[in-house]
file start29.cif (mmCIF, C-alpha atoms)
data_my_file
#
loop_
_atom_site.group_PDB
_atom_site.id
_atom_site.type_symbol
_atom_site.label_atom_id
_atom_site.label_comp_id
_atom_site.auth_asym_id
_atom_site.auth_seq_id
_atom_site.Cartn_x
_atom_site.Cartn_y
_atom_site.Cartn_z
ATOM 1 C CA MET A 1 -67.687 63.842 -2.781
ATOM 2 C CA ASN A 2 -64.430 64.313 -4.714
ATOM 3 C CA GLU A 3 -62.525 64.994 -1.537
ATOM 4 C CA SER A 4 -63.799 61.880 0.213
ATOM 5 C CA LEU A 5 -63.211 59.578 -2.765
ATOM 6 C CA PHE A 6 -59.442 59.400 -2.291
ATOM 7 C CA THR A 7 -59.222 59.786 1.486
ATOM 8 C CA SER A 8 -59.170 56.009 1.942
ATOM 9 C CA PHE A 9 -55.854 55.912 0.029
ATOM 10 C CA ILE A 10 -54.061 58.432 2.258
ATOM 11 C CA THR A 11 -51.504 56.711 4.515
ATOM 12 C CA PRO A 12 -53.098 56.683 7.967
ATOM 13 C CA THR A 13 -51.705 58.543 10.953
ATOM 14 C CA MET A 14 -52.783 58.459 14.577
ATOM 15 C CA MET A 15 -52.115 61.717 16.437
ATOM 16 C CA GLY A 16 -49.446 62.634 13.902
ATOM 17 C CA VAL A 17 -47.658 59.251 14.100
ATOM 18 C CA PRO A 18 -47.786 57.146 10.912
ATOM 19 C CA ILE A 19 -49.192 53.684 11.678
ATOM 20 C CA VAL A 20 -48.642 52.159 8.257
ATOM 21 C CA VAL A 21 -46.013 49.742 9.591
ATOM 22 C CA LEU A 22 -48.496 48.380 12.160
ATOM 23 C CA ILE A 23 -51.134 47.950 9.473
ATOM 24 C CA ILE A 24 -48.673 46.080 7.230
ATOM 25 C CA MET A 25 -47.696 43.804 10.115
ATOM 26 C CA PHE A 26 -51.308 43.160 11.168
ATOM 27 C CA PRO A 27 -52.122 40.217 8.779
ATOM 28 C CA SER A 28 -49.302 38.162 10.316
ATOM 29 C CA ILE A 29 -51.238 38.106 13.613
ATOM 30 C CA LEU A 30 -54.183 36.479 11.837
ATOM 31 C CA LEU A 31 -51.991 33.700 10.437
ATOM 32 C CA PRO A 32 -50.624 31.744 13.428
ATOM 33 C CA SER A 33 -47.622 29.537 12.822
ATOM 34 C CA PRO A 34 -48.061 25.809 13.523
ATOM 35 C CA SER A 35 -46.442 24.718 16.763
ATOM 36 C CA ARG A 36 -47.811 21.216 17.386
ATOM 37 C CA LEU A 37 -47.899 17.950 15.469
ATOM 38 C CA VAL A 38 -51.705 18.170 15.191
ATOM 39 C CA ASP A 39 -52.890 21.761 15.392
ATOM 40 C CA ASN A 40 -56.312 23.310 15.834
ATOM 41 C CA ARG A 41 -58.742 23.682 12.940
ATOM 42 C CA LEU A 42 -57.704 27.158 11.860
ATOM 43 C CA VAL A 43 -54.007 26.308 11.669
ATOM 44 C CA SER A 44 -54.771 22.962 9.965
ATOM 45 C CA ILE A 45 -56.857 24.685 7.286
ATOM 46 C CA GLN A 46 -54.106 27.248 6.827
ATOM 47 C CA GLN A 47 -51.480 24.470 6.526
ATOM 48 C CA TRP A 48 -53.601 22.607 3.995
ATOM 49 C CA LEU A 49 -54.056 25.772 1.888
ATOM 50 C CA VAL A 50 -50.332 26.562 1.978
ATOM 51 C CA ARG A 51 -49.468 22.971 1.038
ATOM 52 C CA LEU A 52 -51.953 23.033 -1.867
ATOM 53 C CA THR A 53 -50.646 26.361 -3.165
ATOM 54 C CA SER A 54 -46.991 25.453 -2.762
ATOM 55 C CA LYS A 55 -47.428 22.114 -4.554
ATOM 56 C CA GLN A 56 -49.099 23.816 -7.493
ATOM 57 C CA MET A 57 -46.671 26.714 -7.669
ATOM 58 C CA LEU A 58 -43.392 24.888 -7.117
ATOM 59 C CA SER A 59 -44.043 21.864 -9.337
ATOM 60 C CA ILE A 60 -42.347 23.584 -12.322
ATOM 61 C CA HIS A 61 -39.184 24.498 -10.416
ATOM 62 C CA ASN A 62 -35.895 22.655 -10.108
ATOM 63 C CA HIS A 63 -33.936 22.334 -6.863
ATOM 64 C CA LYS A 64 -32.558 25.880 -7.074
ATOM 65 C CA GLY A 65 -35.975 27.387 -7.712
ATOM 66 C CA GLN A 66 -37.557 25.454 -4.843
ATOM 67 C CA THR A 67 -35.281 27.258 -2.355
ATOM 68 C CA TRP A 68 -37.568 30.236 -2.973
ATOM 69 C CA ALA A 69 -40.610 28.318 -1.659
ATOM 70 C CA LEU A 70 -40.731 30.262 1.609
ATOM 71 C CA MET A 71 -40.462 33.606 -0.176
ATOM 72 C CA LEU A 72 -43.191 32.787 -2.709
ATOM 73 C CA MET A 73 -45.601 31.406 -0.104
ATOM 74 C CA SER A 74 -45.021 34.412 2.187
ATOM 75 C CA LEU A 75 -45.659 36.697 -0.782
ATOM 76 C CA ILE A 76 -48.972 35.142 -1.767
ATOM 77 C CA LEU A 77 -50.165 34.956 1.853
ATOM 78 C CA PHE A 78 -49.193 38.559 2.536
ATOM 79 C CA ILE A 79 -50.737 40.048 -0.613
ATOM 80 C CA GLY A 80 -53.869 37.873 -0.338
ATOM 81 C CA SER A 81 -54.483 38.654 3.337
ATOM 82 C CA THR A 82 -53.732 42.376 2.873
ATOM 83 C CA ASN A 83 -56.099 42.634 -0.105
ATOM 84 C CA LEU A 84 -58.874 40.760 1.721
ATOM 85 C CA LEU A 85 -58.509 42.887 4.876
ATOM 86 C CA GLY A 86 -58.709 45.972 2.670
ATOM 87 C CA LEU A 87 -62.256 45.028 1.718
ATOM 88 C CA LEU A 88 -63.408 45.792 5.260
ATOM 89 C CA PRO A 89 -65.133 49.185 5.392
ATOM 90 C CA HIS A 90 -62.968 52.160 6.361
ATOM 91 C CA SER A 91 -59.792 50.066 6.364
ATOM 92 C CA PHE A 92 -56.509 51.005 4.701
ATOM 93 C CA THR A 93 -55.051 48.693 2.065
ATOM 94 C CA PRO A 94 -51.260 48.915 1.797
ATOM 95 C CA THR A 95 -51.307 47.313 -1.657
ATOM 96 C CA THR A 96 -53.079 50.357 -3.110
ATOM 97 C CA GLN A 97 -49.811 52.266 -2.686
ATOM 98 C CA LEU A 98 -47.521 52.035 -5.725
ATOM 99 C CA SER A 99 -44.492 52.549 -3.478
ATOM 100 C CA MET A 100 -45.362 49.401 -1.534
ATOM 101 C CA ASN A 101 -45.867 47.281 -4.633
ATOM 102 C CA LEU A 102 -42.693 48.581 -6.270
ATOM 103 C CA GLY A 103 -40.930 47.762 -3.001
ATOM 104 C CA MET A 104 -42.075 44.161 -3.419
ATOM 105 C CA ALA A 105 -41.645 43.879 -7.191
ATOM 106 C CA ILE A 106 -38.205 45.432 -7.751
ATOM 107 C CA PRO A 107 -36.151 43.361 -5.251
ATOM 108 C CA LEU A 108 -37.834 40.090 -6.273
ATOM 109 C CA TRP A 109 -37.461 40.748 -10.015
ATOM 110 C CA ALA A 110 -33.870 41.947 -9.584
ATOM 111 C CA GLY A 111 -33.215 38.834 -7.478
ATOM 112 C CA THR A 112 -34.417 36.551 -10.255
ATOM 113 C CA VAL A 113 -32.361 38.408 -12.880
ATOM 114 C CA ALA A 114 -29.277 38.299 -10.624
ATOM 115 C CA ILE A 115 -29.727 34.534 -10.103
ATOM 116 C CA GLY A 116 -29.915 34.040 -13.864
ATOM 117 C CA LEU A 117 -26.847 36.160 -14.539
ATOM 118 C CA ARG A 118 -24.886 34.496 -11.740
ATOM 119 C CA TYR A 119 -25.623 30.802 -12.340
ATOM 120 C CA LYS A 120 -26.677 30.665 -15.997
ATOM 121 C CA THR A 121 -25.070 33.693 -17.627
ATOM 122 C CA LYS A 122 -25.197 32.492 -21.243
ATOM 123 C CA THR A 123 -28.813 31.262 -20.985
ATOM 124 C CA SER A 124 -29.898 34.543 -19.335
ATOM 125 C CA LEU A 125 -28.241 36.649 -22.010
ATOM 126 C CA ALA A 126 -29.672 34.379 -24.712
ATOM 127 C CA HIS A 127 -33.176 35.378 -23.563
ATOM 128 C CA PHE A 128 -32.572 38.771 -25.154
ATOM 129 C CA LEU A 129 -32.837 37.191 -28.595
ATOM 130 C CA PRO A 130 -35.649 34.728 -29.397
ATOM 131 C CA GLN A 131 -34.712 31.646 -31.364
ATOM 132 C CA GLY A 132 -35.193 31.830 -35.142
ATOM 133 C CA THR A 133 -34.995 35.614 -35.423
ATOM 134 C CA PRO A 134 -34.125 36.842 -38.957
ATOM 135 C CA PHE A 135 -30.672 38.459 -39.094
ATOM 136 C CA PRO A 136 -31.785 42.039 -40.067
ATOM 137 C CA LEU A 137 -34.228 42.157 -37.137
ATOM 138 C CA ILE A 138 -31.668 41.210 -34.462
ATOM 139 C CA PRO A 139 -30.709 44.734 -33.230
ATOM 140 C CA MET A 140 -34.306 45.879 -32.971
ATOM 141 C CA LEU A 141 -35.431 42.704 -31.223
ATOM 142 C CA VAL A 142 -32.607 42.900 -28.666
ATOM 143 C CA ILE A 143 -33.740 46.439 -27.816
ATOM 144 C CA ILE A 144 -37.358 45.317 -27.549
ATOM 145 C CA GLU A 145 -36.462 42.352 -25.333
ATOM 146 C CA THR A 146 -34.339 44.603 -23.067
ATOM 147 C CA ILE A 147 -37.210 47.047 -22.697
ATOM 148 C CA SER A 148 -39.639 44.210 -21.970
ATOM 149 C CA LEU A 149 -37.268 42.913 -19.289
ATOM 150 C CA PHE A 150 -37.052 46.265 -17.523
ATOM 151 C CA ILE A 151 -40.810 46.808 -17.807
ATOM 152 C CA GLN A 152 -41.479 43.588 -15.831
ATOM 153 C CA PRO A 153 -41.203 45.035 -12.265
ATOM 154 C CA MET A 154 -43.170 48.148 -13.286
ATOM 155 C CA ALA A 155 -45.926 45.976 -14.762
ATOM 156 C CA LEU A 156 -46.010 43.782 -11.659
ATOM 157 C CA ALA A 157 -46.395 46.754 -9.321
ATOM 158 C CA VAL A 158 -48.788 48.796 -11.458
ATOM 159 C CA ARG A 159 -51.024 45.785 -12.160
ATOM 160 C CA LEU A 160 -51.590 45.139 -8.469
ATOM 161 C CA THR A 161 -51.970 48.823 -7.569
ATOM 162 C CA ALA A 162 -54.397 49.583 -10.383
ATOM 163 C CA ASN A 163 -56.585 46.526 -9.821
ATOM 164 C CA ILE A 164 -56.986 47.032 -6.088
ATOM 165 C CA THR A 165 -57.333 50.827 -6.292
ATOM 166 C CA ALA A 166 -59.885 50.631 -9.110
ATOM 167 C CA GLY A 167 -61.947 48.073 -7.215
ATOM 168 C CA HIS A 168 -61.982 50.171 -4.048
ATOM 169 C CA LEU A 169 -62.911 53.294 -5.996
ATOM 170 C CA LEU A 170 -65.767 51.511 -7.767
ATOM 171 C CA ILE A 171 -67.143 50.190 -4.472
ATOM 172 C CA HIS A 172 -66.915 53.705 -3.023
ATOM 173 C CA LEU A 173 -68.637 55.282 -6.032
ATOM 174 C CA ILE A 174 -71.430 52.724 -6.313
ATOM 175 C CA GLY A 175 -71.958 52.776 -2.551
ATOM 176 C CA GLY A 176 -72.250 56.557 -2.663
ATOM 177 C CA ALA A 177 -74.643 56.322 -5.599
ATOM 178 C CA THR A 178 -76.817 53.776 -3.717
ATOM 179 C CA LEU A 179 -76.993 56.077 -0.722
ATOM 180 C CA ALA A 180 -77.864 59.098 -2.851
ATOM 181 C CA LEU A 181 -80.536 57.177 -4.814
ATOM 182 C CA MET A 182 -82.313 55.944 -1.672
ATOM 183 C CA SER A 183 -84.049 59.295 -1.166
ATOM 184 C CA ILE A 184 -84.806 59.640 -4.909
ATOM 185 C CA SER A 185 -85.982 56.228 -6.095
ATOM 186 C CA THR A 186 -86.009 53.080 -3.955
ATOM 187 C CA ILE A 187 -86.146 50.647 -6.888
ATOM 188 C CA THR A 188 -83.096 52.206 -8.554
ATOM 189 C CA ALA A 189 -81.320 52.161 -5.192
ATOM 190 C CA LEU A 190 -82.106 48.446 -4.854
ATOM 191 C CA ILE A 191 -80.709 47.732 -8.323
ATOM 192 C CA THR A 192 -77.582 49.736 -7.498
ATOM 193 C CA PHE A 193 -77.299 47.858 -4.203
ATOM 194 C CA THR A 194 -77.454 44.525 -6.070
ATOM 195 C CA ILE A 195 -74.676 45.755 -8.343
ATOM 196 C CA LEU A 196 -72.708 46.734 -5.230
ATOM 197 C CA VAL A 197 -73.112 43.237 -3.730
ATOM 198 C CA LEU A 198 -71.990 41.610 -7.005
ATOM 199 C CA LEU A 199 -69.050 43.998 -7.223
ATOM 200 C CA THR A 200 -67.993 43.181 -3.662
ATOM 201 C CA ILE A 201 -68.043 39.457 -4.507
ATOM 202 C CA LEU A 202 -65.944 40.245 -7.587
ATOM 203 C CA GLU A 203 -63.520 42.232 -5.441
ATOM 204 C CA PHE A 204 -63.065 39.246 -3.125
ATOM 205 C CA ALA A 205 -62.108 37.187 -6.156
ATOM 206 C CA VAL A 206 -59.866 39.947 -7.551
ATOM 207 C CA ALA A 207 -58.069 40.248 -4.197
ATOM 208 C CA LEU A 208 -57.090 36.570 -4.284
ATOM 209 C CA ILE A 209 -56.458 36.438 -8.023
ATOM 210 C CA GLN A 210 -54.124 39.436 -7.941
ATOM 211 C CA ALA A 211 -52.114 37.860 -5.130
ATOM 212 C CA TYR A 212 -51.876 34.653 -7.167
ATOM 213 C CA VAL A 213 -50.928 36.499 -10.381
ATOM 214 C CA PHE A 214 -48.194 38.522 -8.651
ATOM 215 C CA THR A 215 -46.665 35.428 -7.079
ATOM 216 C CA LEU A 216 -47.053 33.334 -10.234
ATOM 217 C CA LEU A 217 -45.262 35.939 -12.338
ATOM 218 C CA VAL A 218 -42.380 36.148 -9.856
ATOM 219 C CA SER A 219 -42.267 32.345 -9.911
ATOM 220 C CA LEU A 220 -42.179 32.360 -13.738
ATOM 221 C CA TYR A 221 -39.366 34.931 -13.795
ATOM 222 C CA LEU A 222 -37.499 32.697 -11.340
ATOM 223 C CA HIS A 223 -38.144 29.631 -13.500
ATOM 224 C CA ASP A 224 -36.753 31.437 -16.557
ATOM 225 C CA ASN A 225 -33.557 32.197 -14.668
ATOM 226 C CA THR A 226 -32.922 28.904 -12.802
ATOM 227 C CA MET B 227 -36.017 40.507 23.635
ATOM 228 C CA LEU B 228 -32.954 40.457 21.409
ATOM 229 C CA GLN B 229 -32.159 36.932 22.563
ATOM 230 C CA SER B 230 -35.662 35.685 21.746
ATOM 231 C CA LEU B 231 -35.471 37.475 18.382
ATOM 232 C CA ILE B 232 -32.154 35.728 17.643
ATOM 233 C CA LYS B 233 -33.489 32.355 18.821
ATOM 234 C CA ASN B 234 -36.859 32.538 17.026
ATOM 235 C CA VAL B 235 -35.991 34.500 13.884
ATOM 236 C CA TRP B 236 -32.272 34.615 13.084
ATOM 237 C CA ILE B 237 -31.323 30.996 13.851
ATOM 238 C CA PRO B 238 -34.106 29.331 11.782
ATOM 239 C CA MET B 239 -33.793 31.887 8.963
ATOM 240 C CA LYS B 240 -29.983 32.129 8.846
ATOM 241 C CA PRO B 241 -29.496 29.845 5.780
ATOM 242 C CA TYR B 242 -32.121 31.856 3.909
ATOM 243 C CA TYR B 243 -30.743 35.299 4.795
ATOM 244 C CA THR B 244 -27.112 34.309 4.186
ATOM 245 C CA GLN B 245 -27.335 32.003 1.159
ATOM 246 C CA VAL B 246 -30.723 31.775 -0.574
ATOM 247 C CA TYR B 247 -31.648 35.466 -0.554
ATOM 248 C CA GLN B 248 -28.254 36.898 -1.588
ATOM 249 C CA GLU B 249 -29.645 38.110 -4.901
ATOM 250 C CA ILE B 250 -32.713 39.595 -3.177
ATOM 251 C CA TRP B 251 -30.409 41.660 -0.953
ATOM 252 C CA LEU B 252 -28.797 42.884 -4.176
ATOM 253 C CA GLY B 253 -32.268 43.772 -5.473
ATOM 254 C CA MET B 254 -33.011 45.655 -2.247
ATOM 255 C CA GLY B 255 -29.774 47.575 -2.649
ATOM 256 C CA LEU B 256 -30.779 48.481 -6.208
ATOM 257 C CA MET B 257 -34.200 49.623 -4.974
ATOM 258 C CA SER B 258 -32.640 51.783 -2.230
ATOM 259 C CA VAL B 259 -30.344 53.402 -4.835
ATOM 260 C CA ILE B 260 -33.392 54.178 -7.003
ATOM 261 C CA ILE B 261 -35.262 55.643 -3.999
ATOM 262 C CA TYR B 262 -32.205 57.747 -3.055
ATOM 263 C CA LYS B 263 -31.875 59.080 -6.623
ATOM 264 C CA ILE B 264 -35.578 59.973 -6.813
ATOM 265 C CA ARG B 265 -35.576 61.707 -3.409
ATOM 266 C CA SER B 266 -32.402 63.681 -4.083
ATOM 267 C CA ALA B 267 -33.726 64.783 -7.491
ATOM 268 C CA ASP B 268 -36.969 65.871 -5.839
ATOM 269 C CA LYS B 269 -35.077 67.835 -3.141
ATOM 270 C CA ARG B 270 -32.870 69.451 -5.783
ATOM 271 C CA SER B 271 -35.834 70.529 -7.906
ATOM 272 C CA LYS B 272 -37.636 71.916 -4.839
ATOM 273 C CA ALA B 273 -34.483 73.808 -3.791
ATOM 274 C CA LEU B 274 -34.153 75.183 -7.317
ATOM 275 C CA LYS B 275 -37.775 76.318 -7.343
ATOM 276 C CA GLY B 276 -37.189 77.936 -3.955
ATOM 277 C CA LYS B 277 -34.128 79.790 -5.238
ATOM 278 C CA ILE B 278 -36.066 81.025 -8.275
ATOM 279 C CA PHE B 279 -38.878 82.172 -5.960
ATOM 280 C CA ALA B 280 -36.389 83.811 -3.622
ATOM 281 C CA SER B 281 -34.500 85.588 -6.388
ATOM 282 C CA SER B 282 -37.741 86.799 -8.025
ATOM 283 C CA ASN B 283 -38.779 88.329 -4.681
ATOM 284 C CA GLY B 284 -35.503 90.163 -4.252
ATOM 285 C CA TRP B 285 -33.804 87.802 -1.847
ATOM 286 C CA GLY B 286 -30.139 86.882 -2.157
ATOM 287 C CA THR B 287 -29.203 89.737 -4.498
ATOM 288 C CA LYS B 288 -25.499 89.321 -3.662
ATOM 289 C CA ASN B 289 -25.717 85.584 -4.313
ATOM 290 C CA THR B 290 -25.777 85.052 -0.537
ATOM 291 C CA ILE B 291 -28.819 84.490 1.619
ATOM 292 C CA THR B 292 -28.498 85.525 5.258
ATOM 293 C CA PRO B 293 -29.873 83.149 7.929
ATOM 294 C CA PHE B 294 -32.575 85.707 8.731
ATOM 295 C CA GLN B 295 -33.672 85.836 5.087
ATOM 296 C CA ASP B 296 -33.625 82.053 4.959
ATOM 297 C CA GLU B 297 -35.804 81.857 8.101
ATOM 298 C CA VAL B 298 -38.301 84.412 6.767
ATOM 299 C CA TYR B 299 -38.463 82.590 3.449
ATOM 300 C CA HIS B 300 -39.069 79.286 5.255
ATOM 301 C CA CYS B 301 -41.892 80.870 7.316
ATOM 302 C CA LEU B 302 -43.445 82.285 4.140
ATOM 303 C CA GLN B 303 -43.333 78.843 2.532
ATOM 304 C CA MET B 304 -44.987 77.221 5.587
ATOM 305 C CA CYS B 305 -47.721 79.913 5.579
ATOM 306 C CA LYS B 306 -48.358 79.214 1.898
ATOM 307 C CA VAL B 307 -48.628 75.477 2.561
ATOM 308 C CA GLN B 308 -51.008 75.962 5.523
ATOM 309 C CA TRP B 309 -53.127 78.393 3.509
ATOM 310 C CA GLY B 310 -53.291 75.817 0.755
ATOM 311 C CA TYR B 311 -54.537 73.174 3.238
ATOM 312 C CA LEU B 312 -57.140 75.561 4.703
ATOM 313 C CA ARG B 313 -58.461 76.439 1.305
ATOM 314 C CA THR B 314 -58.978 72.791 0.356
#

call {"tool": "encode", "arguments": {"input": "start29.cif", "output": "structure tokens"}}
result
Amino acid sequence: MNESLFTSFITPTMMGVPIVVLIIMFPSILLPSPSRLVDNRLVSIQQWLVRLTSKQMLSIHNHKGQTWALMLMSLILFIGSTNLLGLLPHSFTPTTQLSMNLGMAIPLWAGTVAIGLRYKTKTSLAHFLPQGTPFPLIPMLVIIETISLFIQPMALAVRLTANITAGHLLIHLIGGATLALMSISTITALITFTILVLLTILEFAVALIQAYVFTLLVSLYLHDNT
Amino acid sequence: MLQSLIKNVWIPMKPYYTQVYQEIWLGMGLMSVIIYKIRSADKRSKALKGKIFASSNGWGTKNTITPFQDEVYHCLQMCKVQWGYLRT
């Protein structure tokens, strides 16, 4: 049981060839790009969702921040679709890998910090010291603010990894428990199965919420620096 | 294929790749530096562990390891790894 618990997180290979890149590229096939003035239902629904999300997410940004619209929308679509596809049985979820999430978090966070330092240097550096700080506390607070700045990409990546991994592990454990209890006590197995169904519904919500939280935080870091 | 890639990807995305995402390219460079540092540190620590293992088993007593010794050591390491996999 212990051996099989973590096998779903091993990067998949097919005859010795790693196929992770194909799996990462797979969600883009499910999201067709609009090519006509009036598209079919699937593309229209997709367009409507993207428009709704982009309006909500980009309303706080100025002109400079809105140039990142494509990046932010791609990010939320990618993470959301990858997380949802990972809920299929026996599938591999790239967002359970910390390396993948760090690979998304570090460039985006560093990009926002670089924008702030490039276009609004004084304002960016002023973020290291909150307004109204008492004079004796200034050195300590600058250190704390610097640490909190550098923790941001780590927190972004670890939050997504931990949430998705924990959810998958729980589903695996409770599913295994349901199967084991079926031969012991049917009623207990039914209760465990109900818990499993509720957990799966929760995981659907978590998949979308985590995508939204990741993108929203990147958007907030961008807003602070533009 | 390259022409269709240029026509469908590069031409529409050129203003993004060249102007909007300049800072993101900088972030990607920073990330690649971090990855390089981590990988080289890992290789160095593994090489150091290998040298300690080799010296404790009597290899390289003149501070030089012959290619034959190196090959035998490498085979021993691979056998250890395979045995580890078989046991689990």

call {"tool": "interface_residues", "arguments": {"input": "start29.cif", "of": "chain B", "to": "chain A", "cutoff": "6 Å", "atoms": "all atoms listed in the file", "output": "VMD selection string"}}
result
chain B and resid 249 to 250 253 to 254

call {"tool": "atom_distance", "arguments": {"input": "start29.cif", "atom1": "CA of Ile60 (chain A)", "atom2": "CA of Thr215 (chain A)"}}
result
13.7 Å

call {"tool": "closest_residue", "arguments": {"input": "start29.cif", "among": "A:Leu72, A:Leu85, A:Leu58, A:Leu217", "to": "Pro27 (chain A)", "atoms": "only C-alpha atoms"}}
result
A:Leu85

call {"tool": "residues_around", "arguments": {"input": "start29.cif", "residues": "region 195-206 of chain A", "least_positions_apart": "2", "cutoff": "8 Å", "atoms": "all atoms listed in the file", "output": "MDAnalysis selection string"}}
result
chainID A and resid 84 87 163:164 167 171 174:175 191:193 208:210

call {"tool": "atom_distance", "arguments": {"input": "start29.cif", "atom1": "CA of Ile184 (chain A)", "atom2": "CA of Thr7 (chain A)"}}
result
26.4 Å

call {"tool": "closest_residue", "arguments": {"input": "start29.cif", "among": "B:Ile260, B:Arg265, B:Met304, B:Asn234", "to": "Ser33 (chain A)", "atoms": "only C-alpha atoms"}}
result
B:Asn234

call {"tool": "closest_residue", "arguments": {"input": "start29.cif", "among": "A:Gln56, A:Thr178, A:Gln47, A:Thr121", "to": "Thr226 (chain A)", "atoms": "only C-alpha atoms"}}
result
A:Thr121

call {"tool": "atom_distance", "arguments": {"input": "start29.cif", "atom1": "CA of Lys272 (chain B)", "atom2": "CA of Lys306 (chain B)"}}
result
14.6 Å

call {"tool": "axis_aligned_box", "arguments": {"input": "start29.cif", "around": "region 19-29 of chain A", "padding_each_side": "5 Å", "output": "AutoDock Vina command-line options"}}
result
--center_x -49.1 --center_y 45.9 --center_z 10.4 --size_x 16.1 --size_y 25.6 --size_z 16.4

call {"tool": "resolve_selection", "arguments": {"input": "start29.cif", "expression": "the PyMOL selection byres ((chain A and resi 216) around 12)", "output": "ChimeraX atom specification"}}
result
/A:53-54,56-61,69,72-73,75-76,156,209-215,217-223

call {"tool": "closest_residue", "arguments": {"input": "start29.cif", "among": "A:Arg51, A:Lys120, A:Arg159, A:His90", "to": "Leu5 (chain A)", "atoms": "only C-alpha atoms"}}
result
A:His90

call {"tool": "residues_near_point", "arguments": {"input": "start29.cif", "point": "(-37.5, 41.4, -18.6)", "cutoff": "9 Å", "atoms": "all atoms listed in the file", "output": "NGL selection string"}}
result
:A and (109 or 113 or 127-128 or 145-153 or 221)

call {"tool": "residues_around", "arguments": {"input": "start29.cif", "residues": "Ser4 (chain A)", "least_positions_apart": "6", "cutoff": "12 Å", "atoms": "only C-alpha atoms", "output": "list in words"}}
result
Ile10, His90, Leu169, His172, Leu173 and Gly176 of chain A; Thr314 of chain B

call {"tool": "write_last_selection", "arguments": {"input": "start29.cif", "atoms": "C-alpha atoms", "output": "short mmCIF file (atom, residue, chain, number, x, y, z; two decimals), in the frame of the given file"}}
result
data_model
loop_
_atom_site.label_atom_id
_atom_site.label_comp_id
_atom_site.auth_asym_id
_atom_site.auth_seq_id
_atom_site.Cartn_x
_atom_site.Cartn_y
_atom_site.Cartn_z
CA ILE A 10 -54.06 58.43 2.26
CA HIS A 90 -62.97 52.16 6.36
CA LEU A 169 -62.91 53.29 -6.00
CA HIS A 172 -66.92 53.70 -3.02
CA LEU A 173 -68.64 55.28 -6.03
CA GLY A 176 -72.25 56.56 -2.66
CA THR B 314 -58.98 72.79 0.36
#

call {"tool": "build_atoms", "arguments": {"input": "start29.cif", "residues": "region 10-23 of chain A", "atoms": "N, CA and C atoms", "output": "mmCIF file, in the frame of the given file"}}
result
data_model
loop_
_atom_site.group_PDB
_atom_site.id
_atom_site.type_symbol
_atom_site.label_atom_id
_atom_site.label_comp_id
_atom_site.auth_asym_id
_atom_site.auth_seq_id
_atom_site.Cartn_x
_atom_site.Cartn_y
_atom_site.Cartn_z
ATOM 1 N N ILE A 10 -55.090 57.654 1.558
ATOM 2 C CA ILE A 10 -54.061 58.432 2.258
ATOM 3 C C ILE A 10 -53.474 57.556 3.358
ATOM 4 N N THR A 11 -52.133 57.551 3.485
ATOM 5 C CA THR A 11 -51.504 56.711 4.515
ATOM 6 C C THR A 11 -51.953 57.193 5.887
ATOM 7 N N PRO A 12 -52.462 56.265 6.713
ATOM 8 C CA PRO A 12 -53.098 56.683 7.967
ATOM 9 C C PRO A 12 -52.097 57.109 9.025
ATOM 10 N N THR A 13 -52.501 58.098 9.809
ATOM 11 C CA THR A 13 -51.705 58.543 10.953
ATOM 12 C C THR A 13 -52.623 58.606 12.166
ATOM 13 N N MET A 14 -52.022 58.377 13.329
ATOM 14 C CA MET A 14 -52.783 58.459 14.577
ATOM 15 C C MET A 14 -52.068 59.465 15.459
ATOM 16 N N MET A 15 -52.695 60.616 15.656
ATOM 17 C CA MET A 15 -52.115 61.717 16.437
ATOM 18 C C MET A 15 -50.747 62.112 15.867
ATOM 19 N N GLY A 16 -50.676 62.190 14.547
ATOM 20 C CA GLY A 16 -49.446 62.634 13.902
ATOM 21 C C GLY A 16 -48.418 61.551 13.673
ATOM 22 N N VAL A 17 -48.620 60.356 14.243
ATOM 23 C CA VAL A 17 -47.658 59.251 14.100
ATOM 24 C C VAL A 17 -48.153 58.318 12.993
ATOM 25 N N PRO A 18 -47.334 58.064 11.966
ATOM 26 C CA PRO A 18 -47.786 57.146 10.912
ATOM 27 C C PRO A 18 -47.868 55.712 11.442
ATOM 28 N N ILE A 19 -48.992 55.048 11.162
ATOM 29 C CA ILE A 19 -49.192 53.684 11.678
ATOM 30 C C ILE A 19 -49.223 52.661 10.550
ATOM 31 N N VAL A 20 -48.621 53.050 9.412
ATOM 32 C CA VAL A 20 -48.642 52.159 8.257
ATOM 33 C C VAL A 20 -47.914 50.851 8.560
ATOM 34 N N VAL A 21 -46.807 50.947 9.288
ATOM 35 C CA VAL A 21 -46.013 49.742 9.591
ATOM 36 C C VAL A 21 -46.848 48.755 10.400
ATOM 37 N N LEU A 22 -47.641 49.261 11.355
ATOM 38 C CA LEU A 22 -48.496 48.380 12.160
ATOM 39 C C LEU A 22 -49.555 47.714 11.297
ATOM 40 N N ILE A 23 -50.094 48.493 10.348
ATOM 41 C CA ILE A 23 -51.134 47.950 9.473
ATOM 42 C C ILE A 23 -50.551 46.871 8.565
#
